[in-house]
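Undergrad: Okay, here's the structure, questions in a sec.
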Amino acid sequence: MWLIYLRFDDQGQVKTYHVTAVNKRQVDEIYALAERHGLKPTEKLVEYAFFYARGTMKPKHVPNFHYYQGSEFINRHQEAVKE
């Protein structure tokens, strides 16, 4: 299981997302999308990290952050492009 940390600047406002991915290929896909923009076209990627753990990761406490599974992040990114 992979965890992707993405931090974006949205016209001076910080947006942070935590996204789980099932494999490295999905990590690469999400990273490529994030390099273009975040979940809004105005969000620009400023910081990122990838983490890998054996077994399943489950968020225990995620305050003030957005948490997505990989497929959900990809779907939301595609919706942002349509806007």
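Each chain of the structure tokens is named A, B, ... in the order shown, its residues numbered from 1; ligands are numbered from 1 in display order.
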Determine which residues of segment 1-75 of chain A DSSP labels as alpha helix (DSSP H) from the backbone of this structure, then write them out as a list of chain:residue names.
TA: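 Those in segment 1-75 of chain A that DSSP calls alpha helix (DSSP H) are A:Lys24, A:Arg25, A:Gln26, A:Val27, A:Asp28, A:Glu29, A:Ile30, A:Tyr31, A:Ala32, A:Leu33, A:Ala34, A:Glu35, A:Arg36, A:Gly70, A:Ser71, A:Glu72, A:Phe73, A:Ile74, A:Asn75.
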Undergrad: Skipping near chain neighbours, those fewer than 4 positions away, what residues fall within 7 Å of Arg76 of chain A using only C-alpha atoms, listed as a JSON list (two decimals) with C-alpha atoms, in the first residue's frame?
TA:
```
[["chain", "number", "residue", "atom", "x", "y", "z"],
["A", 39, "LEU", "CA", -8.31, 19.13, -7.63],
["A", 72, "GLU", "CA", -11.32, 8.78, -6.09],
["A", 80, "ALA", "CA", -11.79, 19.52, -12.23]]
```
Undergrad: Determine the nearest neighbour of Leu6 of chain A from the options A:Val81, A:Ile74, A:Val19, A:Met57, counting only C-alpha atoms.
TA: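 Closest candidate: A:Val19.
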Undergrad: Which of chain A end up as strand (DSSP E) when DSSP is run on this backbone - answer as an MDAnalysis selection string?
TA: chainID A and resid 2:10 13:21 44:52 66:69
Undergrad: Pick out the residues sitting within 12 Å of Arg25 of chain A, and hand them over as a PyMOL selection string; count only C-alpha atoms, and ignore anything fewer than 5 positions along from it in its own chain.
TA: chain A and resi 1-2+30-32+70
